[in-house]
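A.B. asks: Structure: work-v4.cif, mmCIF, C-alpha atoms and all ligand atoms.
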```cif
data_upload
#
loop_
_atom_site.label_atom_id
_atom_site.label_comp_id
_atom_site.auth_asym_id
_atom_site.auth_seq_id
_atom_site.Cartn_x
_atom_site.Cartn_y
_atom_site.Cartn_z
CA MET A 1 -27.42 -97.55 47.14
CA ASP A 2 -25.85 -96.05 44.02
CA ARG A 3 -27.72 -97.61 41.14
CA LYS A 4 -25.56 -95.84 38.60
CA GLY A 5 -22.96 -98.41 39.53
CA VAL A 6 -25.34 -101.31 39.10
CA PHE A 7 -26.44 -100.75 35.53
CA PRO A 8 -24.88 -103.61 33.54
CA LEU A 9 -22.77 -101.33 31.35
CA GLN A 10 -20.93 -104.07 29.58
CA ALA A 11 -24.15 -105.77 28.49
CA PHE A 12 -25.59 -102.40 27.47
CA SER A 13 -22.69 -101.79 25.10
CA SER A 14 -23.97 -104.45 22.70
CA ILE A 15 -27.65 -103.41 22.81
CA GLU A 16 -28.97 -101.00 20.23
CA THR A 17 -30.20 -97.76 21.82
CA PRO A 18 -32.58 -96.31 22.79
CA PHE A 19 -34.24 -98.95 24.96
CA TYR A 20 -36.16 -99.36 28.18
CA TYR A 21 -34.31 -101.22 30.89
CA TYR A 22 -36.51 -102.84 33.51
CA ASP A 23 -34.97 -103.85 36.82
CA THR A 24 -37.21 -106.74 37.81
CA THR A 25 -35.71 -106.88 41.30
CA VAL A 26 -36.95 -103.35 41.96
CA LEU A 27 -40.36 -104.32 40.54
CA ARG A 28 -40.62 -107.48 42.64
CA ASP A 29 -39.45 -105.71 45.81
CA THR A 30 -42.06 -103.02 45.20
CA LEU A 31 -44.80 -105.61 44.67
CA GLU A 32 -43.72 -107.48 47.78
CA VAL A 33 -44.12 -104.36 49.95
CA LEU A 34 -47.35 -103.32 48.24
CA THR A 35 -49.03 -106.70 48.67
CA GLN A 36 -47.92 -107.01 52.30
CA GLN A 37 -49.14 -103.53 53.19
CA ALA A 38 -52.40 -103.97 51.30
CA LYS A 39 -53.05 -107.20 53.14
CA ALA A 40 -52.33 -105.53 56.47
CA ALA A 41 -54.72 -102.67 55.63
CA ARG A 42 -57.30 -105.05 54.12
CA ILE A 43 -57.30 -103.23 50.79
CA GLU A 44 -57.73 -104.88 47.38
CA VAL A 45 -55.36 -103.67 44.68
CA HIS A 46 -56.11 -103.37 40.95
CA TYR A 47 -52.97 -102.47 39.03
CA ALA A 48 -53.66 -99.63 36.54
CA LEU A 49 -52.47 -101.07 33.22
CA LYS A 50 -52.29 -97.64 31.64
CA ALA A 51 -49.01 -97.00 33.48
CA ASN A 52 -47.20 -99.87 31.77
CA ALA A 53 -48.73 -102.70 29.77
CA ASN A 54 -45.51 -104.40 28.71
CA ARG A 55 -46.52 -108.07 28.64
CA ARG A 56 -43.67 -109.28 30.84
CA ILE A 57 -44.26 -106.56 33.38
CA LEU A 58 -47.94 -107.54 33.44
CA SER A 59 -47.19 -111.18 34.00
CA ILE A 60 -44.86 -110.38 36.93
CA ILE A 61 -47.54 -108.16 38.48
CA ARG A 62 -50.24 -110.77 37.94
CA GLY A 63 -48.02 -113.26 39.78
CA TYR A 64 -48.50 -111.21 42.96
CA GLY A 65 -52.26 -111.74 42.84
CA LEU A 66 -53.28 -108.18 41.98
CA GLY A 67 -56.42 -107.32 40.03
CA ALA A 68 -56.40 -105.01 37.00
CA ASP A 69 -57.74 -101.53 36.30
CA CYS A 70 -58.39 -101.05 32.57
CA VAL A 71 -59.51 -98.06 30.52
CA SER A 72 -60.01 -99.62 27.09
CA GLY A 73 -60.96 -102.85 25.37
CA GLY A 74 -57.30 -103.27 24.46
CA GLU A 75 -56.32 -103.10 28.11
CA VAL A 76 -59.05 -105.56 29.11
CA LYS A 77 -57.69 -107.98 26.49
CA ALA A 78 -54.10 -107.43 27.62
CA ALA A 79 -55.09 -108.10 31.24
CA ILE A 80 -56.91 -111.32 30.32
CA GLU A 81 -54.00 -112.47 28.14
CA ALA A 82 -51.58 -111.81 30.99
CA GLY A 83 -53.70 -114.06 33.20
CA PHE A 84 -55.51 -111.53 35.40
CA PRO A 85 -58.80 -113.17 36.41
CA ALA A 86 -61.85 -111.44 34.88
CA SER A 87 -63.35 -111.43 38.38
CA LYS A 88 -60.66 -108.90 39.39
CA ILE A 89 -60.88 -106.55 36.40
CA VAL A 90 -62.44 -103.09 36.64
CA PHE A 91 -63.14 -101.07 33.51
CA ALA A 92 -63.20 -97.26 33.70
CA GLY A 93 -63.21 -94.43 31.17
CA VAL A 94 -65.53 -91.65 30.02
CA GLY A 95 -65.84 -92.97 26.48
CA LYS A 96 -66.37 -96.72 26.40
CA ALA A 97 -67.25 -97.86 22.87
CA ASP A 98 -69.97 -100.49 22.34
CA TRP A 99 -67.45 -103.16 21.30
CA GLU A 100 -65.44 -102.51 24.45
CA ILE A 101 -68.51 -102.86 26.66
CA ASN A 102 -69.51 -106.06 24.83
CA LEU A 103 -66.02 -107.49 25.25
CA ALA A 104 -66.05 -106.81 28.97
CA LEU A 105 -69.56 -108.29 29.30
CA ASP A 106 -68.41 -111.42 27.46
CA TYR A 107 -65.44 -111.85 29.80
CA GLY A 108 -67.68 -111.22 32.80
CA ILE A 109 -65.46 -108.61 34.43
CA PHE A 110 -65.84 -107.62 38.08
CA CYS A 111 -67.12 -104.09 37.53
CA PHE A 112 -67.71 -101.24 35.07
CA ASN A 113 -66.88 -97.85 36.55
CA VAL A 114 -69.66 -95.75 35.02
CA GLU A 115 -69.20 -92.04 34.40
CA SER A 116 -72.54 -90.79 33.00
CA ILE A 117 -76.26 -91.57 32.49
CA PRO A 118 -75.86 -92.01 28.70
CA GLU A 119 -73.13 -94.61 29.35
CA LEU A 120 -75.35 -96.34 31.91
CA MET A 121 -78.13 -96.61 29.31
CA VAL A 122 -75.81 -98.16 26.72
CA ILE A 123 -74.49 -100.73 29.22
CA GLU A 124 -78.10 -101.60 30.16
CA GLU A 125 -79.03 -102.05 26.51
CA LEU A 126 -75.97 -104.17 25.63
CA ALA A 127 -76.27 -106.30 28.77
CA ALA A 128 -79.99 -106.86 28.07
CA ALA A 129 -79.18 -108.00 24.52
CA LYS A 130 -76.89 -110.65 25.99
CA GLY A 131 -79.24 -111.59 28.79
CA LYS A 132 -76.57 -110.61 31.33
CA THR A 133 -76.35 -108.35 34.34
CA ALA A 134 -73.51 -105.84 34.47
CA ASN A 135 -71.97 -104.96 37.83
CA ILE A 136 -71.27 -101.27 38.02
CA ALA A 137 -69.69 -98.72 40.32
CA LEU A 138 -70.55 -95.06 39.98
CA ARG A 139 -67.49 -92.93 39.38
CA VAL A 140 -68.18 -89.68 41.13
CA ASN A 141 -66.32 -86.43 40.69
CA PRO A 142 -65.54 -85.52 44.31
CA ASN A 143 -64.46 -81.95 43.49
CA VAL A 144 -61.45 -82.06 45.81
CA GLU A 145 -57.96 -80.66 45.39
CA ALA A 146 -54.97 -82.69 44.27
CA ASP A 147 -51.58 -80.99 44.42
CA THR A 148 -50.23 -82.09 41.08
CA HIS A 149 -49.85 -80.91 37.47
CA HIS A 150 -53.15 -79.58 36.11
CA TYR A 151 -52.95 -81.98 33.16
CA ILE A 152 -53.18 -84.94 35.51
CA THR A 153 -55.81 -83.78 38.00
CA THR A 154 -59.12 -85.49 37.44
CA GLY A 155 -61.29 -84.92 40.49
CA LYS A 156 -62.27 -81.26 40.06
CA GLU A 157 -65.62 -80.08 38.73
CA GLU A 158 -64.02 -78.68 35.59
CA ASN A 159 -62.58 -82.10 34.61
CA LYS A 160 -64.46 -84.36 32.23
CA PHE A 161 -64.35 -87.31 34.63
CA GLY A 162 -67.02 -88.75 36.85
CA ILE A 163 -70.58 -87.94 37.86
CA ALA A 164 -71.04 -84.56 39.54
CA LEU A 165 -72.13 -85.00 43.14
CA GLY A 166 -75.25 -82.93 42.44
CA ASP A 167 -76.31 -85.43 39.77
CA LEU A 168 -75.88 -88.51 41.93
CA ASP A 169 -79.56 -88.77 42.89
CA ALA A 170 -80.67 -88.65 39.28
CA VAL A 171 -78.13 -91.31 38.34
CA ILE A 172 -79.34 -93.62 41.11
CA ASP A 173 -82.93 -93.08 39.91
CA ALA A 174 -81.73 -94.12 36.45
CA VAL A 175 -79.95 -97.22 37.83
CA GLU A 176 -83.18 -98.27 39.50
CA ARG A 177 -84.84 -98.29 36.10
CA CYS A 178 -82.18 -100.64 34.64
CA PRO A 179 -82.96 -104.34 35.27
CA HIS A 180 -79.65 -105.51 33.76
CA ILE A 181 -77.50 -103.30 35.97
CA LYS A 182 -76.40 -104.10 39.50
CA LEU A 183 -74.94 -101.19 41.43
CA ILE A 184 -72.15 -102.60 43.60
CA GLY A 185 -69.69 -99.80 44.21
CA LEU A 186 -68.52 -96.23 44.36
CA HIS A 187 -65.41 -95.12 42.48
CA VAL A 188 -63.21 -92.01 42.53
CA HIS A 189 -59.81 -90.98 41.22
CA ILE A 190 -58.50 -87.49 41.94
CA GLY A 191 -55.30 -87.39 39.92
CA SER A 192 -51.80 -88.72 39.67
CA GLN A 193 -48.34 -88.10 41.19
CA ILE A 194 -49.85 -87.02 44.50
CA MET A 195 -47.36 -86.81 47.37
CA GLU A 196 -49.60 -85.04 49.91
CA MET A 197 -51.43 -87.52 52.13
CA ASN A 198 -53.81 -84.65 53.00
CA ASN A 199 -55.20 -84.88 49.49
CA PHE A 200 -56.15 -88.50 50.05
CA ALA A 201 -57.54 -87.69 53.50
CA GLY A 202 -59.70 -84.95 51.91
CA LEU A 203 -60.93 -87.45 49.36
CA CYS A 204 -61.91 -89.92 52.08
CA ASN A 205 -63.84 -87.21 53.93
CA ARG A 206 -65.77 -86.42 50.77
CA ILE A 207 -66.56 -90.09 50.15
CA ASN A 208 -67.77 -90.41 53.73
CA GLU A 209 -70.25 -87.57 53.04
CA VAL A 210 -71.38 -89.26 49.84
CA GLN A 211 -71.94 -92.54 51.68
CA ASP A 212 -74.03 -90.72 54.31
CA LYS A 213 -76.26 -89.46 51.51
CA LEU A 214 -76.48 -92.93 49.97
CA ASP A 215 -77.48 -94.36 53.36
CA LYS A 216 -80.44 -91.99 53.39
CA ARG A 217 -81.55 -93.45 50.07
CA ARG A 218 -80.91 -96.95 51.43
CA VAL A 219 -78.39 -97.66 48.71
CA VAL A 220 -76.11 -100.44 49.95
CA LEU A 221 -72.77 -100.85 48.17
CA GLU A 222 -70.33 -103.73 48.29
CA HIS A 223 -67.18 -101.73 47.68
CA VAL A 224 -65.50 -98.35 47.59
CA ASN A 225 -62.70 -97.84 45.07
CA LEU A 226 -60.45 -94.85 45.77
CA GLY A 227 -58.54 -94.94 42.46
CA GLY A 228 -54.81 -94.48 42.09
CA GLY A 229 -52.55 -91.46 42.33
CA LEU A 230 -49.77 -92.18 44.82
CA GLY A 231 -46.66 -90.35 43.62
CA ILE A 232 -43.03 -91.43 43.40
CA ASP A 233 -39.78 -89.59 44.15
CA TYR A 234 -38.51 -88.53 40.72
CA HIS A 235 -35.67 -86.52 42.27
CA HIS A 236 -34.23 -89.36 44.34
CA PRO A 237 -34.97 -92.66 42.60
CA ASN A 238 -32.18 -94.38 44.56
CA ARG A 239 -33.03 -93.01 47.97
CA GLN A 240 -36.61 -94.22 47.85
CA PRO A 241 -37.16 -96.77 45.10
CA ILE A 242 -40.22 -98.18 46.87
CA PRO A 243 -43.03 -95.65 47.42
CA GLU A 244 -44.64 -94.96 50.79
CA PHE A 245 -47.33 -97.60 50.46
CA GLU A 246 -47.66 -98.09 54.19
CA THR A 247 -48.51 -94.45 54.99
CA TYR A 248 -50.78 -94.18 51.96
CA LEU A 249 -52.78 -97.34 52.59
CA LYS A 250 -53.00 -96.74 56.34
CA THR A 251 -54.25 -93.20 55.72
CA LEU A 252 -57.02 -94.48 53.47
CA ARG A 253 -57.99 -97.25 55.85
CA LYS A 254 -58.07 -94.85 58.81
CA MET A 255 -59.99 -92.05 57.13
CA ILE A 256 -62.62 -93.96 55.19
CA LYS A 257 -65.77 -95.07 56.99
CA LEU A 258 -66.85 -98.33 55.48
CA ARG A 259 -70.28 -99.86 55.92
CA PRO A 260 -70.56 -103.44 57.22
CA GLY A 261 -69.25 -105.94 54.68
CA GLN A 262 -67.88 -103.25 52.34
CA THR A 263 -64.45 -103.79 50.79
CA LEU A 264 -61.93 -101.08 50.00
CA HIS A 265 -60.08 -101.02 46.66
CA VAL A 266 -57.30 -98.94 45.07
CA GLU A 267 -55.86 -98.69 41.55
CA PRO A 268 -52.18 -97.72 41.67
CA GLY A 269 -50.20 -97.49 38.45
CA ARG A 270 -47.17 -95.20 38.67
CA SER A 271 -46.22 -96.24 42.20
CA VAL A 272 -46.02 -99.89 41.14
CA VAL A 273 -43.87 -99.58 38.01
CA GLY A 274 -42.35 -96.08 37.98
CA GLN A 275 -39.01 -96.77 39.59
CA CYS A 276 -38.20 -100.09 37.93
CA GLY A 277 -37.84 -98.57 34.45
CA THR A 278 -35.02 -96.52 32.96
CA LEU A 279 -34.72 -95.16 29.44
CA ILE A 280 -31.20 -95.79 28.17
CA THR A 281 -30.09 -93.51 25.37
CA LYS A 282 -26.83 -92.81 23.59
CA VAL A 283 -25.23 -89.41 23.11
CA LEU A 284 -24.98 -88.70 19.39
CA TYR A 285 -23.40 -85.28 19.49
CA ILE A 286 -22.23 -82.62 21.87
CA LYS A 287 -23.11 -79.32 20.33
CA GLU A 288 -21.77 -76.12 21.79
CA GLY A 289 -24.54 -73.57 21.53
CA VAL A 290 -24.22 -69.84 22.05
CA LYS A 291 -25.04 -69.94 25.73
CA ARG A 292 -25.27 -73.63 26.45
CA ASN A 293 -24.01 -77.09 25.67
CA PHE A 294 -26.43 -79.52 24.12
CA ALA A 295 -26.14 -83.24 24.60
CA ILE A 296 -28.09 -84.56 21.63
CA VAL A 297 -29.26 -88.10 22.34
CA ASP A 298 -30.88 -90.82 20.25
CA ALA A 299 -34.10 -90.97 22.31
CA GLY A 300 -36.75 -88.31 21.95
CA PHE A 301 -40.25 -87.59 23.11
CA THR A 302 -41.30 -90.51 20.94
CA GLU A 303 -39.81 -92.78 23.64
CA LEU A 304 -40.64 -90.67 26.72
CA ILE A 305 -43.12 -87.84 26.33
CA ARG A 306 -43.53 -86.83 29.97
CA PRO A 307 -41.00 -83.92 29.97
CA ALA A 308 -42.45 -82.45 26.76
CA LEU A 309 -46.09 -82.96 27.71
CA TYR A 310 -46.17 -82.17 31.43
CA GLN A 311 -42.83 -80.40 32.02
CA ALA A 312 -42.07 -83.50 34.09
CA TYR A 313 -38.70 -83.93 35.76
CA HIS A 314 -36.71 -87.13 35.26
CA LYS A 315 -33.28 -87.52 36.81
CA ILE A 316 -30.64 -88.03 34.12
CA GLU A 317 -27.25 -89.65 34.71
CA ASN A 318 -24.26 -90.25 32.45
CA ILE A 319 -23.53 -93.88 33.28
CA SER A 320 -20.42 -93.99 31.06
CA SER A 321 -18.49 -91.16 32.68
CA GLU A 322 -16.94 -90.30 36.05
CA ALA A 323 -15.38 -87.04 34.85
CA ALA A 324 -16.11 -83.65 36.45
CA VAL A 325 -19.70 -82.47 36.31
CA GLU A 326 -20.80 -79.95 33.68
CA LYS A 327 -24.22 -78.69 32.64
CA TYR A 328 -26.00 -79.73 29.46
CA ASP A 329 -29.38 -79.36 27.86
CA VAL A 330 -30.30 -82.95 27.08
CA VAL A 331 -32.33 -82.96 23.87
CA GLY A 332 -33.64 -85.54 21.42
CA PRO A 333 -33.53 -85.77 17.63
CA ILE A 334 -37.23 -85.04 16.97
CA CYS A 335 -37.97 -82.01 14.82
CA GLU A 336 -39.78 -80.10 17.57
CA SER A 337 -38.44 -77.56 20.06
CA SER A 338 -40.27 -79.34 22.87
CA ASP A 339 -38.09 -82.41 22.40
CA VAL A 340 -36.08 -81.69 25.54
CA PHE A 341 -35.47 -84.09 28.44
CA GLY A 342 -33.93 -81.51 30.72
CA LYS A 343 -32.23 -78.13 30.75
CA ASP A 344 -29.01 -77.34 32.65
CA VAL A 345 -28.72 -80.98 33.64
CA PRO A 346 -25.58 -81.68 35.71
CA LEU A 347 -23.80 -84.61 34.05
CA ASN A 348 -20.34 -86.06 34.34
CA GLN A 349 -18.47 -84.61 31.37
CA THR A 350 -20.18 -86.10 28.37
CA LYS A 351 -18.96 -87.14 24.93
CA ARG A 352 -20.31 -88.83 21.83
CA GLY A 353 -21.10 -92.50 22.51
CA ASP A 354 -21.78 -92.13 26.25
CA LEU A 355 -24.91 -93.76 27.64
CA LEU A 356 -27.38 -91.66 29.60
CA ALA A 357 -29.91 -93.17 31.99
CA ILE A 358 -33.22 -91.32 32.19
CA ARG A 359 -34.58 -92.56 35.48
CA SER A 360 -38.02 -93.33 36.92
CA ALA A 361 -39.40 -94.00 33.45
CA GLY A 362 -41.25 -97.25 34.17
CA ALA A 363 -44.64 -95.54 34.34
CA TYR A 364 -46.17 -93.68 31.38
CA GLY A 365 -42.95 -94.18 29.42
CA GLU A 366 -42.88 -97.11 27.02
CA VAL A 367 -46.67 -97.24 26.99
CA MET A 368 -46.96 -93.65 25.69
CA ALA A 369 -44.33 -94.11 22.97
CA SER A 370 -45.20 -93.07 19.42
CA GLN A 371 -43.80 -93.54 15.95
CA TYR A 372 -43.73 -89.85 15.07
CA ASN A 373 -41.01 -89.07 12.50
CA GLN A 374 -41.39 -92.76 11.46
CA ARG A 375 -39.33 -93.89 14.40
CA ALA A 376 -39.40 -97.46 15.69
CA LEU A 377 -41.08 -98.19 19.01
CA PRO A 378 -38.56 -98.68 21.82
CA LYS A 379 -37.45 -102.16 22.84
CA ALA A 380 -37.49 -103.44 26.40
CA ILE A 381 -34.59 -105.21 28.13
CA PHE A 382 -35.03 -107.03 31.44
CA SER A 383 -32.39 -107.21 34.15
CA GLU A 384 -33.15 -110.89 34.74
CA ASP A 385 -32.10 -111.70 31.15
CA ILE A 386 -28.65 -110.18 31.64
CA HIS A 387 -26.08 -112.47 33.21
N1 LIG B 401 -57.35 -95.02 38.11
C1 LIG B 401 -57.83 -94.12 37.22
C2 LIG B 401 -59.25 -94.01 37.01
C3 LIG B 401 -56.92 -93.32 36.51
O1 LIG B 401 -57.38 -92.41 35.64
C4 LIG B 401 -55.52 -93.45 36.73
C5 LIG B 401 -54.55 -92.63 36.00
C6 LIG B 401 -55.09 -94.42 37.66
C7 LIG B 401 -56.04 -95.18 38.34
C8 LIG B 401 -53.63 -94.67 37.96
O2 LIG B 401 -53.07 -93.54 38.52
P1 LIG B 401 -51.55 -93.58 39.10
O3 LIG B 401 -51.54 -94.48 40.30
O4 LIG B 401 -50.69 -94.06 38.02
O5 LIG B 401 -51.29 -92.16 39.45
N2 LIG B 401 -49.60 -89.92 31.82
C9 LIG B 401 -49.60 -89.17 33.06
C10 LIG B 401 -50.45 -89.79 34.11
C11 LIG B 401 -51.89 -90.01 33.69
C12 LIG B 401 -52.71 -90.72 34.73
C13 LIG B 401 -54.04 -91.09 34.20
N3 LIG B 401 -54.88 -91.80 35.11
C14 LIG B 401 -48.14 -89.00 33.51
O6 LIG B 401 -47.22 -89.44 32.80
O7 LIG B 401 -47.88 -88.39 34.55
#
```
Any chance you could give the structure as structure tokens?
Ligand code: LLP
C.D. replies:
Amino acid sequence: MDRKGVFPLQAFSSIETPFYYYDTTVLRDTLEVLTQQAKAARIEVHYALKANANRRILSIIRGYGLGADCVSGGEVKAAIEAGFPASKIVFAGVGKADWEINLALDYGIFCFNVESIPELMVIEELAAAKGKTANIALRVNPNVEADTHHYITTGKEENKFGIALGDLDAVIDAVERCPHIKLIGLHVHIGSQIMEMNNFAGLCNRINEVQDKLDKRRVVLEHVNLGGGLGIDYHHPNRQPIPEFETYLKTLRKMIKLRPGQTLHVEPGRSVVGQCGTLITKVLYIKEGVKRNFAIVDAGFTELIRPALYQAYHKIENISSEAAVEKYDVVGPICESSDVFGKDVPLNQTKRGDLLAIRSAGAYGEVMASQYNQRALPKAIFSEDIH
């Protein structure tokens, strides 16, 4: 399918740029496949709000019965407001503030994913003050490889995340001294944009070893949460708009050795929302440089920071032109040299006023926008509102 042809160009011409365009059909199709495959593999899914917390996107996702994975009090609130049941909310993060812990205790969320002994002590103290018991999972740092950008790997010893495997015994000793804590699960997350199923298989093997150790201590857990991380095809958003959920979920289910009664959970973010979002931006100027042509557009890293921050690739298309292809450096208006969406990008011959589509921007796009240079936050337009 050639989606370039399906962008509603006429409607776009009256919308002020830059804006995020969300194709809700792509989102719903993705959710349909995800929920079917998760059911088949008997895996519970918590959508990772950090990828996209646009309220309408959240309410569509909630409609498919998913739980929520939150990393801040703001995300917990957003999940509750969007109608996610508290009983399906997990709360992770290395630096939970007291007010955030209190908020989550008040809502009675499913589980805190705990990352250190000092955090455990604070949760115990705050839960005791409320006369409540907090359900927790221990987030361990499995020290396994993830083939992805080093900024978005999380499961190596040198990362700040999780409890080192060598410290696990001490943490369990500490849990046993906390009357307001109930240990119900084990949690891991090794990184994001992972395409290699071997990485997930390696993770499962490591968790199996951890569970063997826990058995020896007679620690019985209700669930294992393997985090998120499934990647999407940034190079071919049309060829494969729906990620390989089946292979991913089947791999996890096959490799992990669950104990009787244990449930298996995952927390996908990017794979749920990545392909439904496109950043639409207008060409302001074509500037002929010494060695290259610049297409200067009205979006910058304030709208989509991934290329500047992680050297991430996003496919860019000129949706206003069918003329012969030329190469351009597509750059934004921000006063920083890193404000570049792509170099030597092949585009149909481009002129002032053309609209460019920066694809696969549904995850970690709008949600990471900033107001640097006193710019306005980007608006969101939904395909289902365009007739
Ligand atoms: N669970 C935990 C504990 C996480 O830290 C993350 C992502 C997820 C789940 C969801 O991972 P996903 O399925 O989306 O890969 N801003 C970066 C990505 C940061 C990911 C942070 N953690 C980017 O634009 O590539």
A.B. asks: Would you mind reading off the distance between CA of Pro241 in chain A and CA of Val272 in chain A, one decimal, in Å?
C.D. replies: 10.2 Å
A.B. asks: Would you kindly return, as a PyMOL selection string, each protein, DNA or RNA residue with an atom no farther than 9 Å from any atom of range 55-58 of chain A, considering all atoms listed in the file and excluding same-chain residues fewer than 4 positions away?
C.D. replies: chain A and resi 22+24+27+49+62-63+78-79+81-84+273+382
A.B. asks: Out of A:Leu309, A:Met121, A:Val210, A:Ile334, which residue has the shortest atom-to-atom distance to ligand LIG 401 (chain B) when counting all atoms listed in the file?
C.D. replies: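 Among the listed residues, A:Leu309 lies closest to ligand LIG 401 (chain B).
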A.B. asks: Which polymer residues, protein or nucleic acid, are no farther than 12 Å from (-57.4, -95.8, 59.0), counting all atoms listed in the file, as a PyMOL selection string?
C.D. replies: chain A and resi 40-43+200-201+204-205+246-258+264
A.B. asks: Grab me every residue within 9 Å of ligand LIG 401 (chain B), counting all atoms listed in the file, and send it over as a PyMOL selection string.
C.D. replies: chain A and resi 46-51+69-71+91-93+113+139+149+151-154+161+187-194+226-231+266-274+305-307+309-310+312+363-365+368
A.B. asks: Can you write out the residues you just picked, keeping C-alpha atoms, as an mmCIF file, in the coordinates of the input?
C.D. replies:
```cif
data_model
loop_
_atom_site.group_PDB
_atom_site.id
_atom_site.type_symbol
_atom_site.label_atom_id
_atom_site.label_comp_id
_atom_site.auth_asym_id
_atom_site.auth_seq_id
_atom_site.Cartn_x
_atom_site.Cartn_y
_atom_site.Cartn_z
ATOM 1 C CA HIS A 46 -56.110 -103.370 40.950
ATOM 2 C CA TYR A 47 -52.970 -102.470 39.030
ATOM 3 C CA ALA A 48 -53.660 -99.630 36.540
ATOM 4 C CA LEU A 49 -52.470 -101.070 33.220
ATOM 5 C CA LYS A 50 -52.290 -97.640 31.640
ATOM 6 C CA ALA A 51 -49.010 -97.000 33.480
ATOM 7 C CA ASP A 69 -57.740 -101.530 36.300
ATOM 8 C CA CYS A 70 -58.390 -101.050 32.570
ATOM 9 C CA VAL A 71 -59.510 -98.060 30.520
ATOM 10 C CA PHE A 91 -63.140 -101.070 33.510
ATOM 11 C CA ALA A 92 -63.200 -97.260 33.700
ATOM 12 C CA GLY A 93 -63.210 -94.430 31.170
ATOM 13 C CA ASN A 113 -66.880 -97.850 36.550
ATOM 14 C CA ARG A 139 -67.490 -92.930 39.380
ATOM 15 C CA HIS A 149 -49.850 -80.910 37.470
ATOM 16 C CA TYR A 151 -52.950 -81.980 33.160
ATOM 17 C CA ILE A 152 -53.180 -84.940 35.510
ATOM 18 C CA THR A 153 -55.810 -83.780 38.000
ATOM 19 C CA THR A 154 -59.120 -85.490 37.440
ATOM 20 C CA PHE A 161 -64.350 -87.310 34.630
ATOM 21 C CA HIS A 187 -65.410 -95.120 42.480
ATOM 22 C CA VAL A 188 -63.210 -92.010 42.530
ATOM 23 C CA HIS A 189 -59.810 -90.980 41.220
ATOM 24 C CA ILE A 190 -58.500 -87.490 41.940
ATOM 25 C CA GLY A 191 -55.300 -87.390 39.920
ATOM 26 C CA SER A 192 -51.800 -88.720 39.670
ATOM 27 C CA GLN A 193 -48.340 -88.100 41.190
ATOM 28 C CA ILE A 194 -49.850 -87.020 44.500
ATOM 29 C CA LEU A 226 -60.450 -94.850 45.770
ATOM 30 C CA GLY A 227 -58.540 -94.940 42.460
ATOM 31 C CA GLY A 228 -54.810 -94.480 42.090
ATOM 32 C CA GLY A 229 -52.550 -91.460 42.330
ATOM 33 C CA LEU A 230 -49.770 -92.180 44.820
ATOM 34 C CA GLY A 231 -46.660 -90.350 43.620
ATOM 35 C CA VAL A 266 -57.300 -98.940 45.070
ATOM 36 C CA GLU A 267 -55.860 -98.690 41.550
ATOM 37 C CA PRO A 268 -52.180 -97.720 41.670
ATOM 38 C CA GLY A 269 -50.200 -97.490 38.450
ATOM 39 C CA ARG A 270 -47.170 -95.200 38.670
ATOM 40 C CA SER A 271 -46.220 -96.240 42.200
ATOM 41 C CA VAL A 272 -46.020 -99.890 41.140
ATOM 42 C CA VAL A 273 -43.870 -99.580 38.010
ATOM 43 C CA GLY A 274 -42.350 -96.080 37.980
ATOM 44 C CA ILE A 305 -43.120 -87.840 26.330
ATOM 45 C CA ARG A 306 -43.530 -86.830 29.970
ATOM 46 C CA PRO A 307 -41.000 -83.920 29.970
ATOM 47 C CA LEU A 309 -46.090 -82.960 27.710
ATOM 48 C CA TYR A 310 -46.170 -82.170 31.430
ATOM 49 C CA ALA A 312 -42.070 -83.500 34.090
ATOM 50 C CA ALA A 363 -44.640 -95.540 34.340
ATOM 51 C CA TYR A 364 -46.170 -93.680 31.380
ATOM 52 C CA GLY A 365 -42.950 -94.180 29.420
ATOM 53 C CA MET A 368 -46.960 -93.650 25.690
#
```
A.B. asks: Which residue gives the smallest distance to Leu279 in chain A among A:Asn238, A:Ser116, A:Thr17, A:Asn143, with only C-alpha atoms counted?
C.D. replies: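 Under the stated criterion, the closest residue is A:Thr17.
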A.B. asks: Between CA of Ile207 in chain A and CA of Glu244 in chain A, what distance in Å does the model show, to one decimal?
C.D. replies: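 Going from CA of Ile207 in chain A over to CA of Glu244 in chain A, I get 22.5 Å.
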A.B. asks: Closest to Phe110 in chain A among A:Ile184, A:Leu126, A:Ala170, A:Ile163, using all atoms listed in the file?
C.D. replies: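 For Phe110 in chain A, the nearest of the candidates is A:Ile184.
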